[in-house]
$ cat run-v1.cif   # mmCIF, C-alpha atoms
data_my_file
#
loop_
_atom_site.label_atom_id
_atom_site.label_comp_id
_atom_site.auth_asym_id
_atom_site.auth_seq_id
_atom_site.Cartn_x
_atom_site.Cartn_y
_atom_site.Cartn_z
CA MET A 29 0.00 0.00 0.00
CA THR A 30 1.38 3.41 -0.97
CA ASP A 31 1.65 6.35 1.41
CA SER A 32 -0.96 8.28 -0.57
CA ARG A 33 -3.50 5.44 -0.48
CA ALA A 34 -3.04 5.01 3.26
CA MET A 35 -3.42 8.74 3.93
CA ALA A 36 -6.47 8.95 1.65
CA ARG A 37 -8.06 6.23 3.80
CA ALA A 38 -7.18 8.16 6.98
CA ILE A 39 -8.78 11.32 5.56
CA LEU A 40 -11.93 9.39 4.63
CA LEU A 41 -12.13 8.05 8.19
CA SER A 42 -11.54 11.53 9.64
CA ARG A 43 -14.83 12.74 8.15
CA ARG A 44 -16.77 10.35 10.36
CA GLY A 45 -18.09 11.16 13.80
CA PHE A 46 -19.06 14.43 15.47
CA PRO A 47 -16.05 15.43 17.57
CA ALA A 48 -16.81 19.16 17.96
CA PRO A 49 -15.34 21.23 19.45
CA ASN A 50 -12.36 18.96 18.84
CA PRO A 51 -10.81 18.40 15.40
CA HIS A 52 -11.68 15.65 12.95
CA VAL A 53 -8.82 13.13 12.92
CA GLY A 54 -8.34 9.81 11.16
CA CYS A 55 -5.54 7.30 11.60
CA VAL A 56 -4.43 4.22 9.64
CA ILE A 57 -1.64 1.87 10.75
CA VAL A 58 0.14 -0.12 8.04
CA ARG A 59 2.64 -2.96 8.47
CA ASP A 60 4.20 -4.91 5.60
CA GLY A 61 1.86 -3.21 3.13
CA GLU A 62 -1.31 -4.20 5.01
CA ILE A 63 -3.69 -2.13 7.14
CA VAL A 64 -3.54 -3.58 10.65
CA GLY A 65 -5.48 -0.87 12.49
CA GLU A 66 -7.57 2.21 11.84
CA GLY A 67 -9.68 4.67 13.80
CA TRP A 68 -11.20 8.11 13.97
CA HIS A 69 -12.21 10.60 16.67
CA ARG A 70 -15.90 9.89 17.17
CA PHE A 71 -16.85 12.43 19.85
CA ALA A 72 -15.24 14.89 22.25
CA GLY A 73 -14.17 13.03 25.37
CA GLY A 74 -13.87 9.73 23.51
CA PRO A 75 -10.73 7.92 22.35
CA HIS A 76 -8.63 9.76 19.78
CA ALA A 77 -8.09 8.31 16.31
CA GLU A 78 -4.57 7.08 17.12
CA ALA A 79 -5.77 5.29 20.27
CA GLU A 80 -8.51 3.50 18.32
CA ALA A 81 -6.10 2.46 15.58
CA LEU A 82 -3.48 1.24 18.06
CA ALA A 83 -6.08 -0.78 19.96
CA ALA A 84 -7.12 -2.47 16.71
CA ALA A 85 -3.52 -3.14 15.66
CA GLY A 86 -2.31 -4.52 18.99
CA GLU A 87 1.22 -5.99 18.78
CA ARG A 88 1.21 -5.54 15.01
CA ALA A 89 1.75 -1.78 15.56
CA ARG A 90 5.39 -2.46 16.51
CA GLY A 91 7.61 -1.44 13.59
CA ALA A 92 4.59 -0.18 11.60
CA THR A 93 3.81 3.18 9.94
CA ALA A 94 0.99 5.35 11.27
CA TYR A 95 -0.76 7.76 8.90
CA VAL A 96 -2.52 10.56 10.80
CA THR A 97 -4.44 13.51 9.35
CA LEU A 98 -3.45 15.88 12.19
CA GLU A 99 -0.35 16.02 14.37
CA PRO A 100 -0.75 13.63 17.33
CA CYS A 101 -1.47 15.57 20.51
CA ASN A 102 1.20 15.91 23.16
CA HIS A 103 -0.86 16.93 26.18
CA HIS A 104 -3.08 15.18 28.70
CA GLY A 105 -6.61 16.55 28.40
CA ARG A 106 -9.65 14.31 28.76
CA THR A 107 -7.54 11.58 27.12
CA PRO A 108 -3.80 10.73 27.31
CA PRO A 109 -1.33 12.17 24.73
CA CYS A 110 -1.39 10.26 21.43
CA SER A 111 2.29 10.90 20.73
CA GLN A 112 3.26 8.91 23.81
CA ALA A 113 0.84 6.11 22.90
CA LEU A 114 2.50 5.77 19.46
CA ILE A 115 5.94 5.68 21.08
CA ARG A 116 4.93 3.03 23.62
CA ALA A 117 3.40 0.90 20.87
CA GLY A 118 6.72 0.85 19.03
CA VAL A 119 5.50 2.57 15.85
CA ALA A 120 8.58 3.15 13.68
CA ARG A 121 7.31 5.87 11.33
CA VAL A 122 4.58 8.49 11.50
CA VAL A 123 3.26 10.35 8.43
CA VAL A 124 1.18 13.44 9.24
CA ALA A 125 -0.87 15.58 6.85
CA CYS A 126 -1.19 18.78 8.95
CA ARG A 127 0.54 20.10 12.03
CA ASP A 128 -1.77 21.04 14.91
CA PRO A 129 -2.08 24.86 15.15
CA ASN A 130 -3.48 24.61 18.69
CA PRO A 131 -0.57 25.50 20.99
CA VAL A 132 -2.12 23.50 23.83
CA ALA A 133 -1.98 20.23 21.89
CA ALA A 134 1.02 20.81 19.62
CA GLY A 135 4.49 19.32 20.11
CA GLY A 136 3.67 15.73 19.22
CA LEU A 137 6.02 15.61 16.24
CA GLU A 138 8.96 16.83 18.31
CA ALA A 139 8.21 14.22 20.99
CA LEU A 140 8.10 11.48 18.35
CA ARG A 141 11.39 12.56 16.79
CA SER A 142 13.05 12.74 20.20
CA ALA A 143 12.01 9.12 20.77
CA GLY A 144 13.65 8.03 17.50
CA VAL A 145 10.47 7.76 15.42
CA THR A 146 10.77 8.78 11.76
CA VAL A 147 8.36 11.66 11.10
CA GLU A 148 7.16 13.04 7.77
CA THR A 149 4.63 15.87 7.26
CA GLY A 150 2.58 17.48 4.49
CA LEU A 151 1.22 14.43 2.66
CA MET A 152 -2.23 15.32 1.23
CA ALA A 153 -2.35 18.36 3.51
CA ASP A 154 -4.97 20.20 1.44
CA GLU A 155 -7.37 17.26 1.47
CA ALA A 156 -6.90 16.72 5.21
CA ALA A 157 -7.40 20.44 5.92
CA GLU A 158 -10.66 20.51 3.95
CA ALA A 159 -12.03 17.63 6.04
CA ASN A 160 -11.02 19.55 9.17
CA TRP A 161 -12.24 22.98 8.01
CA ARG A 162 -14.07 24.02 11.17
CA PHE A 163 -11.24 23.39 13.61
CA LEU A 164 -8.33 24.62 11.49
CA THR A 165 -10.15 27.81 10.47
CA ALA A 166 -11.13 28.56 14.06
CA MET A 167 -7.50 28.18 15.14
CA ARG A 168 -6.39 30.52 12.34
CA LEU A 169 -9.02 33.17 13.10
CA GLY A 170 -8.72 32.97 16.88
CA ARG A 171 -12.51 32.73 17.21
CA PRO A 172 -15.24 30.20 16.42
CA VAL A 173 -16.07 29.65 12.76
CA VAL A 174 -19.54 31.07 12.05
CA VAL A 175 -21.89 29.40 9.57
CA ALA A 176 -25.25 31.06 8.91
CA LYS A 177 -27.96 28.64 7.83
CA ALA A 178 -31.41 29.33 6.40
CA ALA A 179 -34.19 27.17 4.94
CA MET A 180 -36.12 29.27 2.46
CA SER A 181 -38.47 29.36 -0.48
CA ALA A 182 -37.18 30.01 -3.98
CA ASP A 183 -38.05 33.69 -3.50
CA GLY A 184 -36.01 33.97 -0.29
CA ARG A 185 -38.72 33.70 2.38
CA ILE A 186 -38.30 31.73 5.60
CA ALA A 187 -41.93 32.03 6.76
CA LEU A 188 -45.35 33.25 5.72
CA PRO A 189 -46.56 36.65 7.04
CA SER A 190 -48.38 34.66 9.75
CA GLY A 191 -45.07 33.20 10.91
CA GLU A 192 -45.84 29.69 9.65
CA SER A 193 -42.59 28.01 8.56
CA ARG A 194 -42.97 24.26 9.19
CA TRP A 195 -41.95 22.96 6.84
CA ILE A 196 -40.64 24.92 3.86
CA THR A 197 -37.92 22.40 3.03
CA GLY A 198 -38.17 18.62 3.07
CA PRO A 199 -36.85 15.84 5.34
CA ALA A 200 -33.46 15.53 3.57
CA ALA A 201 -32.73 19.24 4.08
CA ARG A 202 -33.79 19.02 7.72
CA ARG A 203 -31.49 16.03 8.31
CA ALA A 204 -28.64 18.00 6.76
CA GLY A 205 -29.47 20.85 9.13
CA HIS A 206 -29.25 18.53 12.14
CA ARG A 207 -25.91 17.25 10.86
CA LEU A 208 -24.67 20.85 10.63
CA ARG A 209 -25.64 21.40 14.27
CA ALA A 210 -23.65 18.36 15.36
CA GLU A 211 -20.70 19.22 13.14
CA MET A 212 -20.42 22.82 14.33
CA GLY A 213 -20.87 21.94 17.99
CA SER A 214 -23.13 24.89 18.84
CA VAL A 215 -26.28 26.47 17.44
CA LEU A 216 -27.45 30.05 17.95
CA VAL A 217 -30.79 31.82 17.51
CA GLY A 218 -32.15 35.25 18.33
CA ARG A 219 -34.87 36.13 20.81
CA VAL A 220 -37.70 36.36 18.26
CA THR A 221 -36.93 32.92 16.78
CA ALA A 222 -36.68 31.35 20.23
CA GLU A 223 -40.03 32.82 21.27
CA ARG A 224 -41.95 32.42 18.00
CA ASP A 225 -40.76 28.95 16.94
CA ASP A 226 -39.90 27.48 20.38
CA PRO A 227 -37.18 25.29 18.80
CA LEU A 228 -35.42 22.48 20.64
CA LEU A 229 -32.11 23.14 18.83
CA THR A 230 -30.73 19.63 19.31
CA ALA A 231 -29.13 17.32 16.73
CA ARG A 232 -31.58 14.46 16.36
CA ILE A 233 -29.63 12.11 14.08
CA PRO A 234 -27.78 8.82 14.72
CA GLY A 235 -24.21 8.99 15.98
CA VAL A 236 -24.47 12.16 18.05
CA ARG A 237 -23.00 11.56 21.50
CA ASN A 238 -22.68 15.19 22.66
CA GLN A 239 -25.55 17.54 21.91
CA PRO A 240 -24.50 20.96 20.55
CA LEU A 241 -24.30 23.92 22.87
CA ARG A 242 -27.50 26.00 22.51
CA ILE A 243 -26.94 29.78 22.44
CA VAL A 244 -29.89 32.17 22.71
CA LEU A 245 -29.54 35.92 22.19
CA ASP A 246 -31.83 37.55 24.74
CA PRO A 247 -30.55 41.12 25.20
CA ALA A 248 -32.87 42.08 28.07
CA GLY A 249 -33.09 38.58 29.59
CA ARG A 250 -36.87 38.43 29.22
CA LEU A 251 -37.43 35.10 27.47
CA PRO A 252 -39.65 32.77 29.54
CA SER A 253 -37.86 29.86 31.19
CA GLY A 254 -40.53 27.45 29.91
CA LEU A 255 -39.24 27.53 26.35
CA ARG A 256 -37.92 24.19 25.07
CA VAL A 257 -34.43 25.61 24.57
CA PHE A 258 -34.19 25.93 28.38
CA ASP A 259 -35.42 22.37 29.07
CA GLY A 260 -32.05 21.06 30.28
CA SER A 261 -31.73 18.41 27.56
CA ALA A 262 -28.55 20.08 26.24
CA PRO A 263 -26.14 22.73 27.55
CA THR A 264 -27.56 26.22 26.97
CA VAL A 265 -26.21 29.77 27.22
CA ARG A 266 -28.51 32.77 27.45
CA VAL A 267 -26.68 35.85 26.12
CA THR A 268 -27.69 39.24 27.49
CA GLU A 269 -26.47 42.81 27.18
CA GLY A 270 -26.17 43.50 30.90
CA PRO A 271 -25.87 41.32 33.99
CA VAL A 272 -28.77 38.90 34.40
CA ALA A 273 -28.68 35.95 36.77
CA GLY A 274 -27.51 32.81 34.97
CA SER A 275 -26.68 34.58 31.71
CA LEU A 276 -23.57 35.58 29.78
CA ALA A 277 -23.39 39.38 29.57
CA VAL A 278 -21.44 40.67 26.55
CA GLY A 279 -22.31 44.37 26.56
CA ARG A 280 -23.57 46.52 23.71
CA ASP A 281 -22.00 47.08 20.31
CA PRO A 282 -21.36 50.79 19.56
CA ARG A 283 -23.44 50.38 16.39
CA GLY A 284 -26.33 48.89 18.34
CA GLY A 285 -27.32 45.42 19.50
CA LEU A 286 -25.29 42.88 21.39
CA ASN A 287 -21.50 42.93 21.17
CA LEU A 288 -21.13 39.86 18.96
CA ARG A 289 -17.35 40.07 18.76
CA ALA A 290 -17.15 39.97 22.55
CA LEU A 291 -19.48 36.95 22.47
CA MET A 292 -17.29 35.12 19.93
CA ALA A 293 -14.16 35.86 21.98
CA GLU A 294 -15.75 34.46 25.14
CA LEU A 295 -17.08 31.36 23.36
CA PHE A 296 -13.62 30.68 21.93
CA ARG A 297 -12.11 31.09 25.38
CA ARG A 298 -14.56 28.41 26.55
CA GLY A 299 -13.38 26.06 23.82
CA VAL A 300 -16.11 26.56 21.20
CA THR A 301 -14.75 26.23 17.65
CA GLY A 302 -17.94 26.48 15.58
CA VAL A 303 -21.25 28.35 15.76
CA LEU A 304 -24.26 27.64 13.51
CA VAL A 305 -26.48 30.73 13.32
CA GLU A 306 -29.98 29.56 12.46
CA GLY A 307 -31.92 32.79 12.61
CA GLY A 308 -33.92 34.72 12.40
CA GLY A 309 -33.29 37.14 9.57
CA ARG A 310 -32.23 40.04 11.80
CA THR A 311 -29.83 37.85 13.76
CA ILE A 312 -28.15 36.60 10.58
CA ALA A 313 -27.95 40.19 9.33
CA SER A 314 -26.32 41.32 12.58
CA PHE A 315 -23.58 38.69 12.18
CA LEU A 316 -23.09 39.70 8.55
CA ARG A 317 -22.88 43.37 9.54
CA ALA A 318 -20.25 42.51 12.15
CA GLY A 319 -18.18 40.67 9.52
CA LEU A 320 -18.43 37.42 11.45
CA VAL A 321 -20.09 35.07 8.95
CA ASP A 322 -17.57 32.76 7.30
CA ARG A 323 -19.97 30.53 5.37
CA LEU A 324 -23.62 30.52 4.32
CA GLU A 325 -25.58 27.26 4.06
CA LEU A 326 -28.83 27.93 2.18
CA PHE A 327 -31.49 25.26 1.73
CA VAL A 328 -33.86 26.36 -1.03
CA ALA A 329 -37.26 24.76 -1.64
CA PRO A 330 -39.00 24.78 -5.03
CA ALA A 331 -41.82 26.89 -3.62
CA LEU A 332 -42.86 30.55 -3.86
CA LEU A 333 -44.35 32.33 -0.85
CA LEU A 334 -44.59 35.77 -2.54
CA ASP A 335 -44.67 37.50 0.83
CA GLY A 336 -43.43 36.84 4.34
CA LEU A 337 -40.26 36.96 6.42
CA PRO A 338 -36.99 37.26 4.45
CA ALA A 339 -34.00 35.04 5.17
CA VAL A 340 -31.87 38.11 5.95
CA LEU A 341 -33.38 41.31 7.29
CA GLY A 342 -31.07 44.23 7.94
CA GLU A 343 -29.63 47.49 6.70
CA ALA A 344 -28.63 47.35 3.04
CA PRO A 345 -25.08 48.26 1.97
CA GLY A 346 -24.56 51.75 0.61
CA SER A 347 -23.61 50.44 -2.83
CA LEU A 348 -23.29 47.20 -4.78
CA GLU A 349 -19.52 47.63 -4.62
CA SER A 350 -19.60 47.47 -0.82
CA ALA A 351 -21.93 44.45 -0.67
CA PRO A 352 -20.44 41.33 0.97
CA ARG A 353 -19.33 38.88 -1.68
CA GLY A 354 -18.05 35.33 -1.64
CA ARG A 355 -17.47 32.24 -3.76
CA TRP A 356 -19.75 29.31 -4.35
CA VAL A 357 -18.31 26.17 -2.79
CA SER A 358 -20.99 23.75 -3.89
CA VAL A 359 -24.54 23.34 -5.16
CA ARG A 360 -26.11 20.02 -4.17
CA ARG A 361 -29.50 18.38 -4.05
CA ALA A 362 -31.14 17.62 -0.72
CA GLY A 363 -34.18 15.63 -1.77
CA PRO A 364 -36.40 18.00 -3.75
CA ASP A 365 -34.50 21.03 -2.41
CA LEU A 366 -31.16 22.62 -3.25
CA ARG A 367 -28.31 23.16 -0.81
CA LEU A 368 -26.12 26.13 -1.70
CA THR A 369 -22.82 26.66 0.15
CA LEU A 370 -21.19 30.09 -0.09
CA ASP A 371 -17.88 31.07 1.49
CA LEU A 372 -17.70 34.79 2.08
CA GLU A 373 -14.88 36.98 0.79
CA GLY A 374 -11.61 36.42 2.60
CA MET A 375 -12.24 32.76 3.44
CA GLY A 376 -9.72 30.35 2.00
CA GLU A 377 -7.20 33.06 1.08
CA THR A 378 -4.61 31.77 3.56
CA ASP A 379 -3.27 28.26 3.91
CA PRO A 380 -5.34 26.44 6.60
CA CYS A 381 -2.45 24.05 7.09
CA PRO A 382 0.59 26.39 6.85
CA GLU A 383 3.07 24.25 8.79
CA ARG A 384 3.43 21.03 6.88
#
$ encode --input "run-v1.cif" --output "structure tokens"
Amino acid sequence: MTDSRAMARAILLSRRGFPAPNPHVGCVIVRDGEIVGEGWHRFAGGPHAEAEALAAAGERARGATAYVTLEPCNHHGRTPPCSQALIRAGVARVVVACRDPNPVAAGGLEALRSAGVTVETGLMADEAAEANWRFLTAMRLGRPVVVAKAAMSADGRIALPSGESRWITGPAARRAGHRLRAEMGSVLVGRVTAERDDPLLTARIPGVRNQPLRIVLDPAGRLPSGLRVFDGSAPTVRVTEGPVAGSLAVGRDPRGGLNLRALMAELFRRGVTGVLVEGGGRTIASFLRAGLVDRLELFVAPALLLDGLPAVLGEAPGSLESAPRGRWVSVRRAGPDLRLTLDLEGMGETDPCPER
């Protein structure tokens, strides 16, 4: 088996699971041209990819080559350091796609080299970085990655004038939305959406071990505690402007509204690496106005509402030249609906995996 084939397998494995806020990692162990162990990071708090692969390989890991999509960690968090596990297992060579930009976890390659293990980096780095987009981008930006998601009609409406919105898009689009919640690790809505729709904001799909953090913007702290988002079934943060018992106060932005940059900084300090903004239209617009949206995920149904609530509702730019622009990443089908993915201007302009 070639190095490229083994790393391609590790990258494929890395896409499995919902490890947020941790990175996606896959690992394949090869000895005498044969895969003897493989694994991936399934959920935060669970075994890392290297530990799973080593457990599967057993004694066959001695003298083998390990292919890992991200530098093995060198610190003891909720699980032991993977670099030391590879050394103890007697792995002779480690091939890594991307170095870990997180200073807390980095240093694994140096530890491996110091123990006499042959280390190579940079193999299929672009492919591995794409599979690990949320984590690597968050580390580069120094804040959580923000994805704004909307399910809308073909004419850009997310609800009828009456507020009725269930369901504009079909089951496949809704499943993809739940997967986005699990992948990002947190989901955020504004006060009006929380009160009008009373959403649960959980990821109700197979394979989710840790429910996403639920974040509710409630500037004055007036939302009733009986809403489903406060039911205790998943961790929840109520975000207010000023001090309110049990809430996270972030202050006021000079341009009006909550200080979203202060919120992102505090969430990142708490370990959050991804935020899915689900609405409503004014909340999405406020994140766009603050320059905090990195990607748009738009689910478009083949239906026309003609009137109703728009997907984004905010102050228009002064000119077309100053309008936020991006690049289309993909256009896919989700059952009868379309899923459009747009990266906003500035995303992808720097190498997500600079140290190879």
$ resolve_selection --input "run-v1.cif" --expression "the PyMOL selection byres ((chain A and resi 70) around 9)" --output "VMD selection string"
chain A and resid 42 44 to 47 52 to 53 67 to 69 71 to 77 235 to 237
$ axis_aligned_box --input "run-v1.cif" --around "stretch 301-314 of chain A" --padding-each-side "4 Å" --output "JSON"
{"center_x": -24.3, "center_y": 33.8, "center_z": 13.5, "size_x": 27.2, "size_y": 23.1, "size_z": 16.3}
$ residues_around --input "run-v1.cif" --residues "A:Leu370" --least-positions-apart "4" --cutoff "6 Å" --atoms "only C-alpha atoms" --output "MDAnalysis selection string"
chainID A and resid 323:324 355:357
$ closest_residue --input "run-v1.cif" --among "A:Leu137, A:Ala84, A:Leu188, A:Ala159" --to "A:Cys101" --atoms "all atoms listed in the file"
A:Leu137
$ resolve_selection --input "run-v1.cif" --expression "the PyMOL selection byres ((chain A and resi 162) around 8)" --output "list in words"
Pro51, Asn160, Trp161, Phe163, Leu164, Thr165, Ala166, Val173, Met212, Thr301 and Gly302 of chain A
$ resolve_selection --input "run-v1.cif" --expression "the PyMOL selection byres ((chain A and resi 195) around 12)" --output "list in words"
Ala179, Met180, Ser181, Ile186, Ala187, Leu188, Gly191, Glu192, Ser193, Arg194, Ile196, Thr197, Gly198, Pro199, Ala200, Ala201, Arg202, Asp225, Phe327, Val328, Ala329 and Ala331 of chain A
$ closest_residue --input "run-v1.cif" --among "A:Arg289, A:Arg203, A:Arg219, A:Arg280" --to "A:Gly363" --atoms "all atoms listed in the file"
A:Arg203
$ residues_near_point --input "run-v1.cif" --point "(-3.5, 10.0, 21.6)" --cutoff "7 Å" --atoms "all atoms listed in the file" --output "number ranges by chain"
A: 76, 78-79, 100-101, 108-111, 113
$ closest_residue --input "run-v1.cif" --among "A:Arg37, A:Arg207, A:Arg224, A:Arg283" --to "A:Arg256" --atoms "all atoms listed in the file"
A:Arg224
$ atom_distance --input "run-v1.cif" --atom1 "atom CA of A:Gln112" --atom2 "atom CA of A:Gly170"
27.8 Å
$ residues_around --input "run-v1.cif" --residues "A:Ser314" --least-positions-apart "3" --cutoff "12 Å" --atoms "all atoms listed in the file" --output "JSON, numbers by chain"
{"A": [176, 217, 218, 245, 281, 283, 284, 285, 286, 287, 288, 289, 305, 307, 308, 309, 310, 311, 317, 318, 319, 320, 321, 340, 341, 342, 343, 344]}
$ atom_distance --input "run-v1.cif" --atom1 "atom CA of A:Pro247" --atom2 "atom CA of A:Asp226"
17.2 Å
